[in-house]
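Q: Below is the file work_24.txt, with compact mmCIF, C-alpha atoms.
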```
# COMPACT_ATOMS: atom_id res chain seq x y z
CA MET A 218 50.80 97.96 293.39
CA THR A 219 49.49 101.00 291.51
CA THR A 220 53.04 102.30 290.99
CA ASP A 221 54.13 98.96 289.56
CA THR A 222 51.16 98.99 287.19
CA HIS A 223 51.98 102.49 285.97
CA THR A 224 55.62 101.48 285.52
CA ASP A 225 54.65 98.43 283.48
CA ASP A 226 52.31 100.53 281.34
CA PHE A 227 55.06 103.10 280.77
CA ARG A 228 57.54 100.42 279.74
CA ALA A 229 55.02 98.80 277.40
CA ARG A 230 54.23 102.19 275.86
CA ALA A 231 57.92 102.99 275.44
CA ARG A 232 58.59 99.63 273.80
CA GLY A 233 55.67 100.21 271.45
CA VAL A 234 56.89 103.67 270.44
CA VAL A 235 60.45 102.45 269.81
CA LEU A 236 59.15 99.43 267.88
CA ASP A 237 56.92 101.61 265.71
CA ALA A 238 59.82 103.96 264.98
CA VAL A 239 62.06 101.04 263.97
CA ARG A 240 59.29 99.62 261.81
CA GLY A 241 58.84 102.98 260.13
CA LEU A 242 62.58 103.18 259.45
CA VAL A 243 62.56 99.68 257.96
CA LEU A 244 59.62 100.64 255.75
CA ALA A 245 61.33 103.84 254.61
CA VAL A 246 64.56 102.02 253.77
CA ALA A 247 62.69 99.30 251.88
CA VAL A 248 59.89 101.29 250.23
CA LEU A 249 61.97 103.94 248.48
CA PRO A 250 64.41 101.71 246.53
CA CYS A 251 61.84 99.00 245.84
CA GLY A 252 59.24 101.55 244.76
CA VAL A 253 61.68 103.34 242.45
CA ALA A 254 62.94 100.07 240.96
CA PHE A 255 59.49 98.61 240.30
CA LEU A 256 58.10 101.90 238.98
CA VAL A 257 60.95 102.24 236.46
CA LEU A 258 60.71 98.58 235.44
CA THR A 259 56.94 98.81 235.07
CA LEU A 260 57.08 101.91 232.88
CA LEU A 261 59.81 100.43 230.68
CA SER A 262 58.07 97.06 230.36
CA VAL A 263 54.72 98.59 229.44
CA ALA A 264 56.43 100.95 226.98
CA PHE A 265 58.13 98.01 225.27
CA VAL A 266 54.93 95.95 224.93
CA PRO A 267 54.34 97.16 221.34
CA LEU A 268 57.86 95.98 220.47
CA GLY A 269 57.20 92.51 221.89
CA VAL A 270 59.88 92.70 224.57
CA GLY A 271 57.35 93.92 227.11
CA LEU A 272 55.24 90.80 226.59
CA VAL A 273 58.04 88.82 228.22
CA THR A 274 59.03 91.27 230.96
CA THR A 275 55.68 92.77 231.97
CA PRO A 276 54.18 89.63 233.59
CA ALA A 277 57.29 89.14 235.72
CA VAL A 278 57.46 92.81 236.71
CA LEU A 279 53.77 93.09 237.55
CA THR A 280 53.97 89.85 239.53
CA GLY A 281 56.73 91.51 241.54
CA VAL A 282 54.57 94.61 242.03
CA ARG A 283 51.74 92.39 243.29
CA ALA A 284 54.13 90.66 245.69
CA LEU A 285 55.42 94.01 247.00
CA ALA A 286 51.88 95.31 247.53
CA GLY A 287 50.90 92.01 249.15
CA ALA A 288 53.82 92.28 251.59
CA HIS A 289 52.70 95.81 252.47
CA ARG A 290 49.17 94.55 253.13
CA ARG A 291 50.47 91.84 255.45
CA LEU A 292 52.59 94.32 257.40
CA ALA A 293 49.61 96.69 257.69
CA ALA A 294 47.53 93.91 259.22
CA GLU A 295 50.29 92.59 261.50
CA TRP A 296 51.71 95.91 262.73
CA CYS A 297 48.66 98.20 262.87
CA GLY A 298 45.66 95.92 262.45
CA ILE A 299 44.69 97.69 259.22
CA ARG A 300 43.15 95.39 256.64
CA ILE A 301 43.83 96.39 253.04
CA PRO A 302 41.52 94.40 250.74
CA ALA A 303 42.78 92.94 247.49
CA VAL A 304 40.62 91.40 244.78
CA TYR A 305 42.74 90.11 241.90
CA ARG A 306 41.15 88.62 238.83
CA PRO A 307 42.11 85.03 238.03
CA LEU A 308 44.97 84.74 235.56
CA PRO A 309 44.51 82.78 232.30
CA ALA A 310 45.34 79.10 232.59
CA SER A 311 47.52 79.07 229.48
CA GLY A 312 51.04 80.44 229.59
CA ASN A 313 50.48 82.66 226.57
CA PRO A 314 52.50 85.83 227.36
CA PHE A 315 50.16 88.03 225.28
CA ARG A 316 47.06 86.93 227.17
CA LEU A 317 48.88 87.02 230.52
CA THR A 318 50.21 90.54 229.93
CA PHE A 319 46.88 92.04 228.99
CA ALA A 320 45.04 90.11 231.71
CA LEU A 321 47.34 91.76 234.24
CA LEU A 322 47.04 95.20 232.65
CA ARG A 323 43.23 94.96 232.64
CA ASP A 324 43.05 93.90 236.29
CA PRO A 325 41.82 96.91 238.35
CA GLN A 326 43.67 95.65 241.42
CA VAL A 327 46.99 95.46 239.52
CA LEU A 328 46.41 99.01 238.26
CA ARG A 329 45.85 100.13 241.85
CA ASP A 330 49.13 98.43 242.81
CA MET A 331 50.90 100.33 240.03
CA ARG A 332 49.39 103.65 241.14
CA TRP A 333 50.57 102.93 244.67
CA LEU A 334 54.25 102.86 243.64
CA PRO A 335 54.71 106.66 243.17
CA VAL A 336 52.67 107.31 246.31
CA ALA A 337 54.87 104.89 248.27
CA MET A 338 58.00 106.67 247.04
CA THR A 339 56.76 110.12 248.11
CA ALA A 340 54.10 110.50 250.79
CA GLY A 341 54.54 106.89 251.87
CA PHE A 342 58.28 107.37 252.34
CA VAL A 343 57.75 110.53 254.39
CA THR A 344 55.10 109.03 256.69
CA ALA A 345 57.30 105.97 257.23
CA LEU A 346 60.46 107.96 257.96
CA LEU A 347 58.91 110.59 260.24
CA PRO A 348 58.38 108.25 263.24
CA ALA A 349 62.08 107.35 263.27
CA LEU A 350 63.14 111.00 262.86
CA LEU A 351 60.88 112.18 265.67
CA LEU A 352 62.15 109.52 268.04
CA PHE A 353 65.86 109.51 267.24
CA TYR A 354 66.43 113.20 266.46
CA PRO A 355 66.19 114.20 270.18
CA VAL A 356 69.16 111.92 270.88
CA GLU A 357 71.38 114.40 269.03
CA GLY A 358 70.10 117.25 271.23
CA PHE A 359 70.93 115.29 274.38
CA LEU A 360 74.40 114.45 273.05
CA LEU A 361 75.02 118.10 272.28
CA ALA A 362 74.17 119.00 275.87
CA ALA A 363 76.55 116.26 277.04
CA GLY A 364 79.46 118.01 275.28
CA LEU A 365 79.23 116.89 271.66
CA TRP A 366 78.94 120.56 270.65
CA ARG A 367 82.62 121.27 271.34
CA PRO A 368 84.16 119.60 268.23
CA TYR A 369 81.64 121.37 265.98
CA VAL A 370 82.30 124.88 267.30
CA SER A 371 85.99 124.54 268.17
CA ASP A 372 86.91 127.16 265.55
CA GLY A 373 84.32 129.65 266.82
CA GLY A 374 81.57 128.57 264.44
CA THR A 375 77.93 127.71 265.14
CA TYR A 376 76.19 124.34 264.87
CA TRP A 377 72.49 124.46 264.14
CA TYR A 378 70.24 121.98 265.87
CA ALA A 379 66.92 122.57 264.15
CA PHE A 380 66.43 126.31 264.72
CA VAL A 381 68.70 126.47 267.81
CA PRO A 382 72.23 127.88 267.12
CA VAL A 383 74.59 125.90 269.34
CA SER A 384 77.75 127.83 270.19
CA GLY A 385 78.28 126.99 273.86
CA GLN A 386 77.03 124.97 276.79
CA GLY A 387 74.02 127.23 277.34
CA THR A 388 72.70 126.89 273.82
CA ALA A 389 73.53 123.16 273.95
CA LEU A 390 71.15 122.89 276.89
CA LEU A 391 68.53 124.72 274.81
CA ALA A 392 69.08 122.08 272.12
CA ALA A 393 68.51 119.38 274.73
CA ALA A 394 65.32 121.13 275.83
CA LEU A 395 64.12 121.21 272.23
CA GLY A 396 65.01 117.54 271.95
CA ALA A 397 62.87 116.81 275.00
CA VAL A 398 59.93 118.65 273.39
CA VAL A 399 60.40 116.67 270.16
CA LEU A 400 60.58 113.46 272.21
CA ALA A 401 57.30 114.32 273.93
CA VAL A 402 55.72 114.93 270.52
CA ALA A 403 57.15 111.63 269.27
CA TRP A 404 55.65 109.86 272.28
CA ARG A 405 52.19 110.78 271.03
CA LEU A 406 52.64 110.91 267.26
CA VAL A 407 54.89 107.96 266.34
CA PRO A 408 52.13 105.28 266.51
CA ARG A 409 49.71 107.60 264.72
CA LEU A 410 52.17 108.33 261.93
CA LEU A 411 52.77 104.65 261.27
CA THR A 412 49.01 104.11 261.22
CA ALA A 413 48.67 107.08 258.83
CA HIS A 414 51.24 105.46 256.53
CA PHE A 415 49.18 102.28 256.24
CA ARG A 416 45.91 104.18 255.94
CA LEU A 417 47.40 106.06 253.02
CA ALA A 418 48.34 102.72 251.48
CA ARG A 419 44.81 101.43 252.06
CA ALA A 420 43.32 104.49 250.36
CA VAL A 421 45.38 103.78 247.22
CA LEU A 422 45.66 99.99 247.26
CA GLY A 423 42.15 99.34 248.53
CA GLY A 424 40.14 101.77 246.45
CA ASP A 425 36.88 100.07 245.55
CA ALA A 426 38.36 96.60 246.12
CA GLU A 427 36.31 96.20 249.28
CA LEU A 428 33.15 97.11 247.37
CA ALA A 429 34.08 94.69 244.60
CA GLU A 430 34.68 91.94 247.15
CA ARG A 431 31.35 92.72 248.77
CA VAL A 432 29.58 92.50 245.41
CA ARG A 433 31.31 89.18 244.69
CA VAL A 434 30.28 87.74 248.07
CA LEU A 435 26.71 88.96 247.67
CA THR A 436 26.55 87.45 244.19
CA GLU A 437 27.76 84.11 245.47
CA THR A 438 25.46 84.10 248.49
CA ARG A 439 22.49 85.09 246.33
CA ARG A 440 23.26 82.25 243.95
CA ASP A 441 23.63 79.84 246.86
CA ALA A 442 20.36 81.08 248.36
CA VAL A 443 18.55 80.55 245.06
CA ASP A 444 20.04 77.06 244.66
CA THR A 445 19.17 76.18 248.25
CA SER A 446 15.61 77.42 247.84
CA ALA A 447 15.20 75.46 244.61
CA ALA A 448 16.56 72.30 246.26
CA GLU A 449 14.24 72.83 249.23
CA LEU A 450 11.23 73.20 246.93
CA ARG A 451 12.20 69.99 245.10
CA ARG A 452 12.54 68.19 248.43
CA ILE A 453 9.11 69.39 249.57
CA GLU A 454 7.56 68.37 246.25
CA ARG A 455 9.23 64.95 246.44
CA ASP A 456 8.16 64.39 250.04
CA LEU A 457 4.59 65.37 249.23
CA HIS A 458 4.48 63.18 246.13
CA ASP A 459 6.08 60.12 247.70
CA GLY A 460 4.54 60.45 251.15
CA ALA A 461 1.34 62.23 252.07
CA GLN A 462 0.02 62.45 248.51
CA ALA A 463 0.44 58.72 247.91
CA ARG A 464 -1.30 57.87 251.18
CA LEU A 465 -4.17 60.25 250.45
CA VAL A 466 -4.63 58.70 247.00
CA ALA A 467 -4.63 55.23 248.55
CA MET A 468 -7.12 56.40 251.17
CA GLY A 469 -9.40 57.78 248.42
CA MET A 470 -9.28 54.45 246.58
CA ASP A 471 -10.09 52.60 249.81
CA LEU A 472 -13.05 54.86 250.44
CA GLY A 473 -14.34 54.19 246.92
CA THR A 474 -14.05 50.46 247.51
CA ILE A 475 -15.78 50.82 250.88
CA GLU A 476 -18.78 52.48 249.18
CA MET A 477 -19.22 49.40 247.02
CA LEU A 478 -18.66 46.89 249.84
CA VAL A 479 -20.53 48.55 252.71
CA GLU A 480 -23.77 46.61 251.93
CA ARG A 481 -22.39 43.45 250.28
CA ASP A 482 -19.44 42.73 252.58
CA PRO A 483 -19.57 44.81 255.78
CA ALA A 484 -16.62 42.94 257.33
CA GLN A 485 -14.32 43.75 254.41
CA ALA A 486 -15.58 47.34 254.41
CA LYS A 487 -14.76 47.60 258.11
CA ARG A 488 -11.19 46.37 257.46
CA LEU A 489 -10.75 48.88 254.68
CA LEU A 490 -12.08 51.65 256.95
CA ALA A 491 -9.44 50.77 259.55
CA GLN A 492 -6.76 50.84 256.86
CA ALA A 493 -8.02 54.22 255.59
CA ARG A 494 -7.89 55.57 259.14
CA ARG A 495 -4.28 54.39 259.48
CA ASN A 496 -3.41 55.99 256.14
CA SER A 497 -4.97 59.27 257.21
CA ALA A 498 -3.04 59.24 260.50
CA GLU A 499 0.22 58.46 258.72
CA ALA A 500 -0.43 61.15 256.10
CA LEU A 501 -1.14 63.67 258.87
CA GLU A 502 2.09 62.72 260.66
CA GLU A 503 4.09 63.07 257.45
CA LEU A 504 2.52 66.46 256.81
CA ARG A 505 3.46 67.52 260.33
CA ASP A 506 7.05 66.34 259.77
CA LEU A 507 7.13 68.22 256.49
CA VAL A 508 5.88 71.42 258.12
CA ARG A 509 8.38 70.96 260.95
CA GLY A 510 11.13 70.67 258.34
CA ILE A 511 10.03 73.91 256.67
CA HIS A 512 9.62 75.98 259.85
CA PRO A 513 9.28 74.18 263.18
CA PRO A 514 6.31 75.41 265.24
CA VAL A 515 8.47 75.55 268.39
CA LEU A 516 10.82 77.95 266.58
CA ALA A 517 7.97 80.24 265.55
CA GLU A 518 6.25 80.14 268.93
CA ARG A 519 9.09 80.04 271.46
CA GLY A 520 12.22 81.20 269.66
CA LEU A 521 15.64 79.84 268.81
CA GLY A 522 16.71 78.87 272.33
CA ASP A 523 13.79 76.51 272.97
CA ALA A 524 13.97 75.19 269.40
CA VAL A 525 17.62 74.22 269.91
CA ARG A 526 16.72 72.60 273.26
CA ALA A 527 14.03 70.60 271.45
CA LEU A 528 16.62 69.48 268.90
CA ALA A 529 18.94 68.36 271.70
CA LEU A 530 16.16 66.35 273.37
CA ARG A 531 15.66 64.33 270.19
CA LEU A 532 19.32 63.35 269.95
CA PRO A 533 20.25 59.72 270.77
CA LEU A 534 23.08 60.87 273.08
CA PRO A 535 23.36 63.28 276.03
CA ALA A 536 23.42 66.94 275.02
CA GLU A 537 23.79 70.05 277.15
CA VAL A 538 22.37 73.35 275.91
CA SER A 539 23.19 76.82 277.24
CA VAL A 540 21.20 79.79 275.92
CA GLU A 541 21.82 83.46 276.68
CA LEU A 542 19.53 85.44 274.39
CA PRO A 543 17.95 88.63 275.77
CA GLY A 544 15.56 88.80 272.81
CA ARG A 545 14.72 87.28 269.45
CA ALA A 546 16.35 87.70 266.07
CA GLU A 547 14.40 88.14 262.85
CA ALA A 548 12.57 85.03 261.68
CA PRO A 549 14.84 84.32 258.65
CA VAL A 550 17.94 84.56 260.86
CA GLU A 551 16.42 82.26 263.48
CA SER A 552 15.45 79.78 260.79
CA ALA A 553 18.94 79.77 259.24
CA ALA A 554 20.56 79.35 262.65
CA TYR A 555 18.15 76.56 263.63
CA PHE A 556 18.74 74.47 260.52
CA ALA A 557 22.49 75.11 260.70
CA VAL A 558 22.55 73.77 264.26
CA SER A 559 20.37 70.85 263.20
CA GLU A 560 22.81 69.93 260.42
CA VAL A 561 25.85 70.22 262.70
CA LEU A 562 24.21 68.07 265.37
CA THR A 563 23.22 65.48 262.77
CA ASN A 564 26.81 65.33 261.54
CA ALA A 565 28.10 64.94 265.08
CA VAL A 566 25.74 62.05 265.80
CA LYS A 567 26.46 60.27 262.51
CA HIS A 568 30.20 60.75 262.08
CA SER A 569 31.97 61.90 265.25
CA GLY A 570 31.57 58.87 267.49
CA ALA A 571 30.97 61.24 270.39
CA ASP A 572 29.11 60.34 273.56
CA ARG A 573 28.48 63.92 274.67
CA ILE A 574 27.55 67.17 272.92
CA ARG A 575 27.31 70.73 274.16
CA VAL A 576 25.57 73.65 272.43
CA ASP A 577 26.06 77.27 273.49
CA VAL A 578 23.83 80.01 272.06
CA LEU A 579 24.47 83.66 272.90
CA HIS A 580 24.33 87.14 271.43
CA THR A 581 27.30 89.47 271.91
CA ASP A 582 28.75 92.48 270.08
CA GLY A 583 25.97 92.40 267.49
CA LEU A 584 26.60 88.74 266.65
CA LEU A 585 24.49 85.66 267.19
CA ARG A 586 27.16 83.13 268.14
CA ILE A 587 26.46 79.40 268.35
CA THR A 588 29.10 76.81 269.28
CA VAL A 589 28.62 73.06 269.07
CA THR A 590 31.24 70.96 270.83
CA ASP A 591 31.54 67.17 270.85
CA ASN A 592 34.14 64.84 272.33
CA GLY A 593 34.33 62.60 269.26
CA ARG A 594 37.23 61.46 267.12
CA GLY A 595 37.67 64.79 265.29
CA GLY A 596 38.72 65.23 261.68
CA ALA A 597 35.70 67.26 260.59
CA ALA A 598 36.33 69.78 257.82
CA VAL A 599 34.29 72.06 255.60
CA GLY A 600 33.90 70.57 252.13
CA ALA A 601 34.86 67.07 253.20
CA GLY A 602 31.40 65.65 252.49
CA SER A 603 30.25 66.29 256.07
CA GLY A 604 27.47 68.71 255.17
CA LEU A 605 29.36 71.64 256.70
CA ALA A 606 29.73 73.24 253.27
CA GLY A 607 25.94 73.53 253.11
CA VAL A 608 25.91 75.07 256.58
CA GLU A 609 28.51 77.60 255.46
CA ARG A 610 26.41 78.54 252.43
CA ARG A 611 23.29 78.88 254.55
CA LEU A 612 25.05 81.22 256.98
CA GLY A 613 26.70 83.13 254.15
CA THR A 614 23.29 84.28 252.96
CA PHE A 615 23.16 86.42 256.11
CA ASP A 616 26.86 87.41 256.09
CA GLY A 617 27.45 84.70 258.65
CA VAL A 618 30.63 82.67 259.04
CA LEU A 619 31.47 79.12 260.02
CA ALA A 620 34.68 78.08 261.79
CA VAL A 621 35.65 74.48 262.49
CA SER A 622 38.35 73.28 264.87
CA SER A 623 38.58 69.50 264.74
CA PRO A 624 42.06 68.04 265.33
CA ALA A 625 42.57 64.29 264.96
CA GLY A 626 41.41 62.66 268.16
CA GLY A 627 39.01 65.51 268.92
CA PRO A 628 37.36 67.40 270.35
CA THR A 629 35.45 69.13 267.56
CA LEU A 630 34.37 72.75 267.99
CA VAL A 631 32.04 74.24 265.37
CA THR A 632 31.41 77.99 265.72
CA MET A 633 28.69 79.81 263.78
CA GLU A 634 28.26 83.58 263.80
CA ILE A 635 25.52 85.69 262.20
CA PRO A 636 25.47 89.49 262.51
CA CYS A 637 22.02 90.52 263.70
CA ALA A 638 20.11 92.56 266.27
CA LEU A 639 17.68 91.17 268.82
CA SER A 640 14.23 92.57 269.41
```
Represent the supplied structure as structure tokens.
A:
Amino acid sequence: MTTDTHTDDFRARARGVVLDAVRGLVLAVAVLPCGVAFLVLTLLSVAFVPLGVGLVTTPAVLTGVRALAGAHRRLAAEWCGIRIPAVYRPLPASGNPFRLTFALLRDPQVLRDMRWLPVAMTAGFVTALLPALLLFYPVEGFLLAAGLWRPYVSDGGTYWYAFVPVSGQGTALLAAALGAVVLAVAWRLVPRLLTAHFRLARAVLGGDAELAERVRVLTETRRDAVDTSAAELRRIERDLHDGAQARLVAMGMDLGTIEMLVERDPAQAKRLLAQARRNSAEALEELRDLVRGIHPPVLAERGLGDAVRALALRLPLPAEVSVELPGRAEAPVESAAYFAVSEVLTNAVKHSGADRIRVDVLHTDGLLRITVTDNGRGGAAVGAGSGLAGVERRLGTFDGVLAVSSPAGGPTLVTMEIPCALS
């Protein structure tokens, strides 16, 4: 069994090395001509901009450069798992060639794409071609040892294989030995060289794009957080004004009336006292609901797991909750997760038509992961008026993400993740 496992591992490794070498060869064959062509076209188009001709050609050429760089990014992600960020500025809506040309030339990401072209033609070409050379060059050494040396030295000459002068069978075997050494080196270096090729591309194409993307995301999440906070304050003010405040005002008026009636009409005063007591109880209950909506006491006292269980108990349909939390997250994270779960559960009850819901809460790999599954009709989507867009914004404030899988006919799986540490 162990031998079979080692054999399978060896075969998988060999397939991976050969595949990486072929991929490198494909990149080398494609990168050099495409890089040269686009670099020449870009330089000519930009040079002819003052003459007006470049205003027509530059947008098309730079669009091609963007497409070439985009293809390289996709291959980096698919072949080596290397993500190369790209943050392009939006192009002008009008088709004015002047505005389009200068919008492209002012885009930092397009400029990075242009700078990548000469790098792709030189260092990029070498790092792409080396894996194929390291893997396939030993084949020549083995063929020389098999007798291929004879036609080359039939007139008494010498054939050089790297630094080995092949003039007979003995030196041909030395060439094969050198080929075996090169093959052993290729076994270890081919995957690393292909990875180095894409890391070089990321260094040039990425630049500060990742930082720019991070700034953009933080700007959006900050704006969403401010809008959400403002909306929450308006809701609290409205609930206080229309609920508890109105009842307290009514109770104050009843008490004033009671003062005047307590001696003249005790029966009416007693009825008003009962009404004031009811108003005070209702105002207290509304204040409790309001406080629970701001930060539920169960969340503050017992943590996210018990707070989610309390949510599930209040649902009008069966709900199963599984919690695996070895500690507690920071209070703002717990609050965001709680209200996100609350919104998702509310959506499921209102719109899914489900008769069963399951909630799983766990912390793994530095992420607080919450999944809500229902067996309803499906069709849920972010931004479709289901409230999930608000959940996404709430999670985004903490660099969290929301994923929804809801095919027609169900089931619906909503996954929420927030990076955090537990205490």
Q: Identify, on the basis of all atoms listed in the file, every residue whose closest approach to Gly385 in chain A does not exceed 9 Å; exclude the query and any residue fewer than 4 positions from it along the same chain; express the result as a VMD selection string.
A: chain A and resid 366 to 367 370 375 389 to 390
Q: Point out the residue among A:Gly522, A:Val589, A:Ala486, A:Leu472 with the least atom-to-atom distance to Ala546 in chain A, counting only C-alpha atoms.
A: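 Ranked by minimum distance to Ala546 in chain A, first place goes to A:Gly522.
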Q: Please identify all polymer residues within 10 Å of range 392-402 of chain A, counting all atoms listed in the file, omitting same-chain residues fewer than 3 positions from it, and present them as JSON, numbers by chain.
A: {"A": [350, 351, 352, 353, 354, 355, 356, 357, 358, 359, 360, 361, 362, 363, 377, 378, 379, 380, 381, 382, 383, 386, 387, 388, 389, 405, 406, 407]}
Q: Out of A:Ala288, A:Ala238, A:Ala597, A:Val578, which residue has the shortest atom-to-atom distance to Thr412 in chain A when counting all atoms listed in the file?
A: A:Ala238
Q: What gap, in Å, lies between CA of His580 in chain A and CA of Leu630 in chain A?
A: 17.9 Å
Q: What does the distance from CA of Glu609 in chain A to CA of Asp572 in chain A come to in Å, to one decimal?
A: 25.0 Å
Q: Name the residues in contact with range 475-477 of chain A at a cut-off of 9 Å, using all atoms listed in the file, excluding same-chain residues fewer than 3 positions from it; report them as a VMD selection string.
A: chain A and resid 470 to 472 480 to 483 485 to 487 489 to 490
Q: At what distance in Å, to one decimal, does CA of Pro325 in chain A lie from CA of Thr259 in chain A?
A: 15.6 Å
Q: Between A:Leu619, A:Leu346, A:Ala491, A:Cys297, which residue has the minimum interatomic distance to Arg409 in chain A, considering all atoms listed in the file?
A: A:Cys297
Q: Measuring between all atoms listed in the file, which one of A:Pro624, A:Gly617, A:Gly583, A:Gly593 shows the shortest distance to Cys637 in chain A?
A: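 For Cys637 in chain A, the nearest of the given residues is A:Gly583.
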Q: May I have the residues within 10 Å of Ser622 in chain A as JSON, numbers by chain, using only C-alpha atoms and disregarding those fewer than 4 positions away in the same chain?
A: {"A": [590, 595, 596, 597, 598, 627, 628, 629, 630, 631, 632]}
Q: Excluding Val234 in chain A and its own-chain neighbours fewer than 2 positions away, which residues fall within 7 Å of it when counting only C-alpha atoms? Please give them as an MDAnalysis selection string.
A: chainID A and resid 230:232 236:238 404 407:408
Q: Find the residue from A:Pro335, A:Val273, A:Ile301, A:His289 that sits nearest to Asn313 in chain A; use only C-alpha atoms when measuring.
A: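 Of the candidates, the smallest distance to Asn313 in chain A is held by A:Val273.
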Q: Nearest to Glu541 in chain A: which of A:Asp523, A:Asp225, A:Glu295, A:Glu518 is it, counting all atoms listed in the file?
A: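 Checking each candidate against Glu541 in chain A, we get A:Asp523 as the closest.
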